[in-house]
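All remarks here apply to the structure that follows.
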2 protein chains.
Amino acid sequence: MARQSETEKSLCNCTALRKATRRVSQLYDSALEPCGLRTTQRSILMQIARSGRPPPLGELAEALVMDRGALTHTLKPLQRDRLIEIRIDPEDRRNRLVALTAAGRKKIAESTALWKRAQAGFETAFGVAKSAALREALEFVVSEDFVAAFNRRSDAKHA
Amino acid sequence: MARQSETEKSLCNCTALRKATRRVSQLYDSALEPCGLRTTQRSILMQIARSGRPPPLGELAEALVMDRGALTHTLKPLQRDRLIEIRIDPEDRRNRLVALTAAGRKKIAESTALWKRAQAGFETAFGVAKSAALREALEFVVSEDFVAAFNRRSDAKHA
DNA sequence: GACGATTACTTGCATATGCACACATATCAT
DNA sequence: ATGATATGTGTGCATATGCAAGTAATCGTC
């Protein structure tokens, strides 16, 4: 008797992603808790480390698929805890270079064992191969190609 | 010459999810912008509608894979804008029943055309079948089975 | 029928994010 | 040089979330 809308599950891809992210973030954050880092914070520190040099804020934001302003805010706690340092680029004084401190590197090391446990939990539960496939799918969603295709379709707006 | 950690991509499933969610949320929110709802807000209204009756806050939070406290906060703007109403359950005065108002239903209707465009953009870019598969994968990640399996593995803690 | 345990929320505090607007610095055409 | 532009950030405001501690209402039990 119930109308369809009252019983069917949500088909929204965005909602599905947000739900899953809430759940998984809770699990990873819980695992990381002993080291005092959140997943987001660790991902920022790791991205800086992977850059091999202190990246300008904009580049870091882009790598993290994050708004510049949002990143500025998010860096505050890390800066306060002396895990990172923000310097003005002498080459171009508009740039802010985000650098890991010694404490930052140490914190990464400290968090890695905890992260591995969470990651192992995920891969055990979801499957190693399926996890890799999922990451690949999500990477595509984040790519320029995806965004372009998305907009090409929905730009059938009223522009 | 670069150390591996400086060049390899992140393998963190949680980070991958968060990145993708940021991107996709931006796209959907942008599409929904004309109606004044965010994806999260729309997903809340839709979940209430699907319930078929005003659900207690806790049940709503669970359906949305969201913390109760977080949901309480998130409902504030919707309540302020009179899209929902929160009533005390006469059957059990501890419960808060979250009900759609007429304006809420109207807002859902208003947002649906916009949502469909965003959803179509996603499905065009990612593929209809792959989208369905992705949602299914994400649904599993959200399930109790997944959480149980995740914890079984990572509970090799020091408890 | 009062007391302790349980359940359902609310609040306060902190981080996570995005957007629009204000600022500073760099570039470039004239 | 100089003003118009372009670029890279910082800030303020609003929503999104989670957790811990406090509060209210219910229940089970003696």
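Each chain in the structure tokens gets a letter, A, B, ..., in the order shown, and its residues are numbered from 1; ligands are numbered from 1 in order too.
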
Distance cut-off 10 Å, counting only C-alpha atoms (C1' of nucleotides) - which residues of chain C neighbour chain B? Return them as a VMD selection string.
chain C and resid 7 to 11 17 to 18

Dump as a PDB file, in the first residue's frame, selection limited to N, CA and C atoms (P, O5', C5', C4', C3', O3' and C1' of nucleotides):
```pdb
ATOM      1  P    DT C   7      19.142   0.540  27.066  1.00  0.00           P
ATOM      2  O5'  DT C   7      18.244   1.816  26.752  1.00  0.00           O
ATOM      3  C5'  DT C   7      16.859   1.780  27.085  1.00  0.00           C
ATOM      4  C4'  DT C   7      16.147   2.971  26.502  1.00  0.00           C
ATOM      5  C3'  DT C   7      16.704   3.422  25.155  1.00  0.00           C
ATOM      6  O3'  DT C   7      15.615   3.939  24.392  1.00  0.00           O
ATOM      7  C1'  DT C   7      16.999   5.154  26.722  1.00  0.00           C
ATOM      8  P    DA C   8      15.848   4.385  22.888  1.00  0.00           P
ATOM      9  O5'  DA C   8      15.749   5.969  22.997  1.00  0.00           O
ATOM     10  C5'  DA C   8      14.561   6.560  23.498  1.00  0.00           C
ATOM     11  C4'  DA C   8      14.575   8.050  23.273  1.00  0.00           C
ATOM     12  C3'  DA C   8      15.296   8.474  21.982  1.00  0.00           C
ATOM     13  O3'  DA C   8      14.642   9.624  21.457  1.00  0.00           O
ATOM     14  C1'  DA C   8      16.441   9.365  23.848  1.00  0.00           C
ATOM     15  P    DC C   9      15.054  10.145  19.983  1.00  0.00           P
ATOM     16  O5'  DC C   9      15.735  11.526  20.304  1.00  0.00           O
ATOM     17  C5'  DC C   9      16.425  11.688  21.502  1.00  0.00           C
ATOM     18  C4'  DC C   9      16.095  13.025  22.147  1.00  0.00           C
ATOM     19  C3'  DC C   9      16.695  14.205  21.390  1.00  0.00           C
ATOM     20  O3'  DC C   9      15.957  15.399  21.560  1.00  0.00           O
ATOM     21  C1'  DC C   9      17.882  13.827  23.419  1.00  0.00           C
ATOM     22  P    DT C  10      16.552  16.711  20.829  1.00  0.00           P
ATOM     23  O5'  DT C  10      17.451  17.394  21.951  1.00  0.00           O
ATOM     24  C5'  DT C  10      16.891  17.675  23.226  1.00  0.00           C
ATOM     25  C4'  DT C  10      17.799  18.612  24.009  1.00  0.00           C
ATOM     26  C3'  DT C  10      18.372  19.773  23.198  1.00  0.00           C
ATOM     27  O3'  DT C  10      18.484  20.896  24.080  1.00  0.00           O
ATOM     28  C1'  DT C  10      20.146  18.391  23.923  1.00  0.00           C
ATOM     29  P    DT C  11      18.931  22.318  23.520  1.00  0.00           P
ATOM     30  O5'  DT C  11      20.259  22.635  24.385  1.00  0.00           O
ATOM     31  C5'  DT C  11      20.973  21.557  24.906  1.00  0.00           C
ATOM     32  C4'  DT C  11      22.280  22.025  25.532  1.00  0.00           C
ATOM     33  C3'  DT C  11      22.973  23.171  24.806  1.00  0.00           C
ATOM     34  O3'  DT C  11      23.748  23.898  25.757  1.00  0.00           O
ATOM     35  C1'  DT C  11      24.214  21.190  24.494  1.00  0.00           C
ATOM     36  P    DT C  17      37.159  17.465   5.375  1.00  0.00           P
ATOM     37  O5'  DT C  17      36.701  18.698   4.552  1.00  0.00           O
ATOM     38  C5'  DT C  17      35.921  19.711   5.195  1.00  0.00           C
ATOM     39  C4'  DT C  17      34.835  20.175   4.251  1.00  0.00           C
ATOM     40  C3'  DT C  17      35.438  20.957   3.093  1.00  0.00           C
ATOM     41  O3'  DT C  17      34.729  20.726   1.885  1.00  0.00           O
ATOM     42  C1'  DT C  17      34.149  22.386   4.515  1.00  0.00           C
ATOM     43  P    DG C  18      35.282  21.514   0.561  1.00  0.00           P
ATOM     44  O5'  DG C  18      34.234  22.709   0.400  1.00  0.00           O
ATOM     45  C5'  DG C  18      32.854  22.414   0.496  1.00  0.00           C
ATOM     46  C4'  DG C  18      32.029  23.626   0.140  1.00  0.00           C
ATOM     47  C3'  DG C  18      32.651  24.493  -0.958  1.00  0.00           C
ATOM     48  O3'  DG C  18      31.602  25.049  -1.769  1.00  0.00           O
ATOM     49  C1'  DG C  18      32.473  25.752   1.054  1.00  0.00           C
TER      50       DG C  18
END
```

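With only C-alpha atoms (C1' of nucleotides) taken into account, the protein and nucleic acid residues at most 12 Å from A:Asp145 (excluding it and anything under 6 positions from it in its own chain) are A:Glu139, A:Asn151, A:Arg152, B:Phe122, B:Thr124, B:Ala125, B:Phe126.
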
| message | If we count only C-alpha atoms (C1' of nucleotides) and set the cut-off at 9 Å, which residues sit around B:Leu138, ignoring sequence neighbours fewer than 6 positions away in its own chain? Please answer as a ChimeraX atom specification. | response | /A:16-17,19-21

Got time to write the residues from that selection, N, CA, C and O atoms, as a compact mmCIF listing (two decimals), in the first residue's frame?
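Written file, out_37.txt:
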```
# COMPACT_ATOMS: atom_id res chain seq x y z
N ALA A 16 24.79 8.47 -1.02
CA ALA A 16 25.45 7.19 -0.75
C ALA A 16 26.91 7.42 -0.36
O ALA A 16 27.43 6.80 0.56
N LEU A 17 27.56 8.32 -1.09
CA LEU A 17 28.95 8.63 -0.78
C LEU A 17 29.09 9.26 0.60
O LEU A 17 29.97 8.88 1.38
N LYS A 19 27.11 9.03 3.20
CA LYS A 19 26.85 8.04 4.25
C LYS A 19 28.08 7.17 4.47
O LYS A 19 28.52 6.96 5.61
N ALA A 20 28.60 6.64 3.38
CA ALA A 20 29.75 5.75 3.50
C ALA A 20 30.94 6.49 4.11
O ALA A 20 31.67 5.94 4.94
N THR A 21 31.11 7.73 3.72
CA THR A 21 32.23 8.50 4.25
C THR A 21 32.08 8.72 5.75
O THR A 21 33.05 8.64 6.50
```

For the interface of chain C with stretch 4-22 of chain D (cut-off 8 Å, counting only C-alpha atoms (C1' of nucleotides)), please tabulate each contacting residue of chain C alongside its nearest pair of atoms and their separation in Å to one decimal, rows sorted by chain and increasing number, as JSON lines.
```
{"residue": "C:DA16", "atom": "C1'", "partner": "D:DA16", "partner_atom": "C1'", "distance": 7.5}
{"residue": "C:DT17", "atom": "C1'", "partner": "D:DA16", "partner_atom": "C1'", "distance": 7.7}
{"residue": "C:DC23", "atom": "C1'", "partner": "D:DG10", "partner_atom": "C1'", "distance": 7.9}
{"residue": "C:DA26", "atom": "C1'", "partner": "D:DT7", "partner_atom": "C1'", "distance": 7.6}
{"residue": "C:DT27", "atom": "C1'", "partner": "D:DA6", "partner_atom": "C1'", "distance": 7.5}
```

Checklist entry - Tell me, which residues of stretch 51-117 of chain B carry DSSP helix (DSSP H, G or I), written as a VMD selection string? => result chain B and resid 51 57 to 63 68 to 80 102 to 117

* Separation of atom C1' of C:DT15 and atom CA of A:Ile108, in Å? ->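 Going from atom C1' of C:DT15 over to atom CA of A:Ile108, I get 18.7 Å.
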
> What's the 10 Å shell around B:Ala99, counting only C-alpha atoms (C1' of nucleotides), without same-chain residues fewer than 5 positions away, as a PyMOL selection string?
Replying inline: chain B and resi 45+48-49+52-57+79+83-87+104

Would you save the residues of that selection, restricted to N, CA, C and O atoms, as a CSV table (one decimal), in the first residue's frame?
```
chain,number,residue,atom,x,y,z
B,45,LEU,N,15.4,15.4,4.3
B,45,LEU,CA,14.0,15.6,4.0
B,45,LEU,C,13.5,14.3,3.3
B,45,LEU,O,12.4,13.8,3.6
B,48,ILE,N,12.9,11.4,5.7
B,48,ILE,CA,11.7,11.5,6.4
B,48,ILE,C,10.5,11.1,5.6
B,48,ILE,O,9.6,10.4,6.0
B,49,ALA,N,10.5,11.6,4.3
B,49,ALA,CA,9.4,11.3,3.4
B,49,ALA,C,9.3,9.8,3.2
B,49,ALA,O,8.2,9.2,3.2
B,52,GLY,N,7.5,7.6,5.7
B,52,GLY,CA,6.1,7.4,5.7
B,52,GLY,C,5.4,8.0,6.9
B,52,GLY,O,4.2,8.1,6.9
B,53,ARG,N,6.2,8.3,7.9
B,53,ARG,CA,5.6,8.9,9.1
B,53,ARG,C,6.7,9.6,9.8
B,53,ARG,O,7.9,9.4,9.5
B,54,PRO,N,6.4,10.6,10.7
B,54,PRO,CA,7.5,11.3,11.4
B,54,PRO,C,8.3,10.4,12.2
B,54,PRO,O,7.8,9.8,13.2
B,55,PRO,N,9.5,10.1,11.8
B,55,PRO,CA,10.4,9.2,12.6
B,55,PRO,C,11.0,9.9,13.8
B,55,PRO,O,11.2,11.1,13.8
B,56,PRO,N,11.3,9.1,14.8
B,56,PRO,CA,12.0,9.6,16.0
B,56,PRO,C,13.4,10.0,15.5
B,56,PRO,O,14.0,9.3,14.6
B,57,LEU,N,14.0,11.0,16.2
B,57,LEU,CA,15.3,11.5,15.8
B,57,LEU,C,16.3,10.4,15.7
B,57,LEU,O,17.1,10.3,14.7
B,79,GLN,N,14.6,23.5,10.5
B,79,GLN,CA,13.5,23.8,11.5
B,79,GLN,C,13.3,25.3,11.4
B,79,GLN,O,12.2,25.8,11.3
B,83,LEU,N,10.8,23.9,7.3
B,83,LEU,CA,10.7,22.8,6.4
B,83,LEU,C,10.3,21.5,7.2
B,83,LEU,O,9.8,20.5,6.6
B,84,ILE,N,10.7,21.5,8.4
B,84,ILE,CA,10.3,20.4,9.3
B,84,ILE,C,9.8,20.9,10.6
B,84,ILE,O,10.0,22.1,10.9
B,85,GLU,N,9.2,20.0,11.4
B,85,GLU,CA,8.7,20.3,12.7
B,85,GLU,C,9.2,19.2,13.6
B,85,GLU,O,9.2,18.1,13.2
B,86,ILE,N,9.5,19.6,14.8
B,86,ILE,CA,9.9,18.5,15.8
B,86,ILE,C,9.0,18.5,16.9
B,86,ILE,O,8.7,19.5,17.6
B,87,ARG,N,8.3,17.4,17.1
B,87,ARG,CA,7.3,17.2,18.1
B,87,ARG,C,7.7,16.2,19.2
B,87,ARG,O,8.5,15.3,18.9
B,104,GLY,N,8.0,21.9,3.6
B,104,GLY,CA,9.0,20.9,3.4
B,104,GLY,C,8.7,20.0,2.2
B,104,GLY,O,9.6,19.7,1.4
```

Q. Could you write out, as a list in words, all the residues of stretch 23-135 of chain A that DSSP marks as strand (DSSP E)?
A.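 Result set for stretch 23-135 of chain A (strand (DSSP E)): Ile84, Glu85, Ile86, Arg87, Ile88, Arg96, Leu97, Val98, Ala99 and Leu100 of chain A.
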
Using only C-alpha atoms, the residue out of A:Ser30, A:Gln41, A:Gln119, A:Thr74 with shortest distance to chain B is A:Gln119
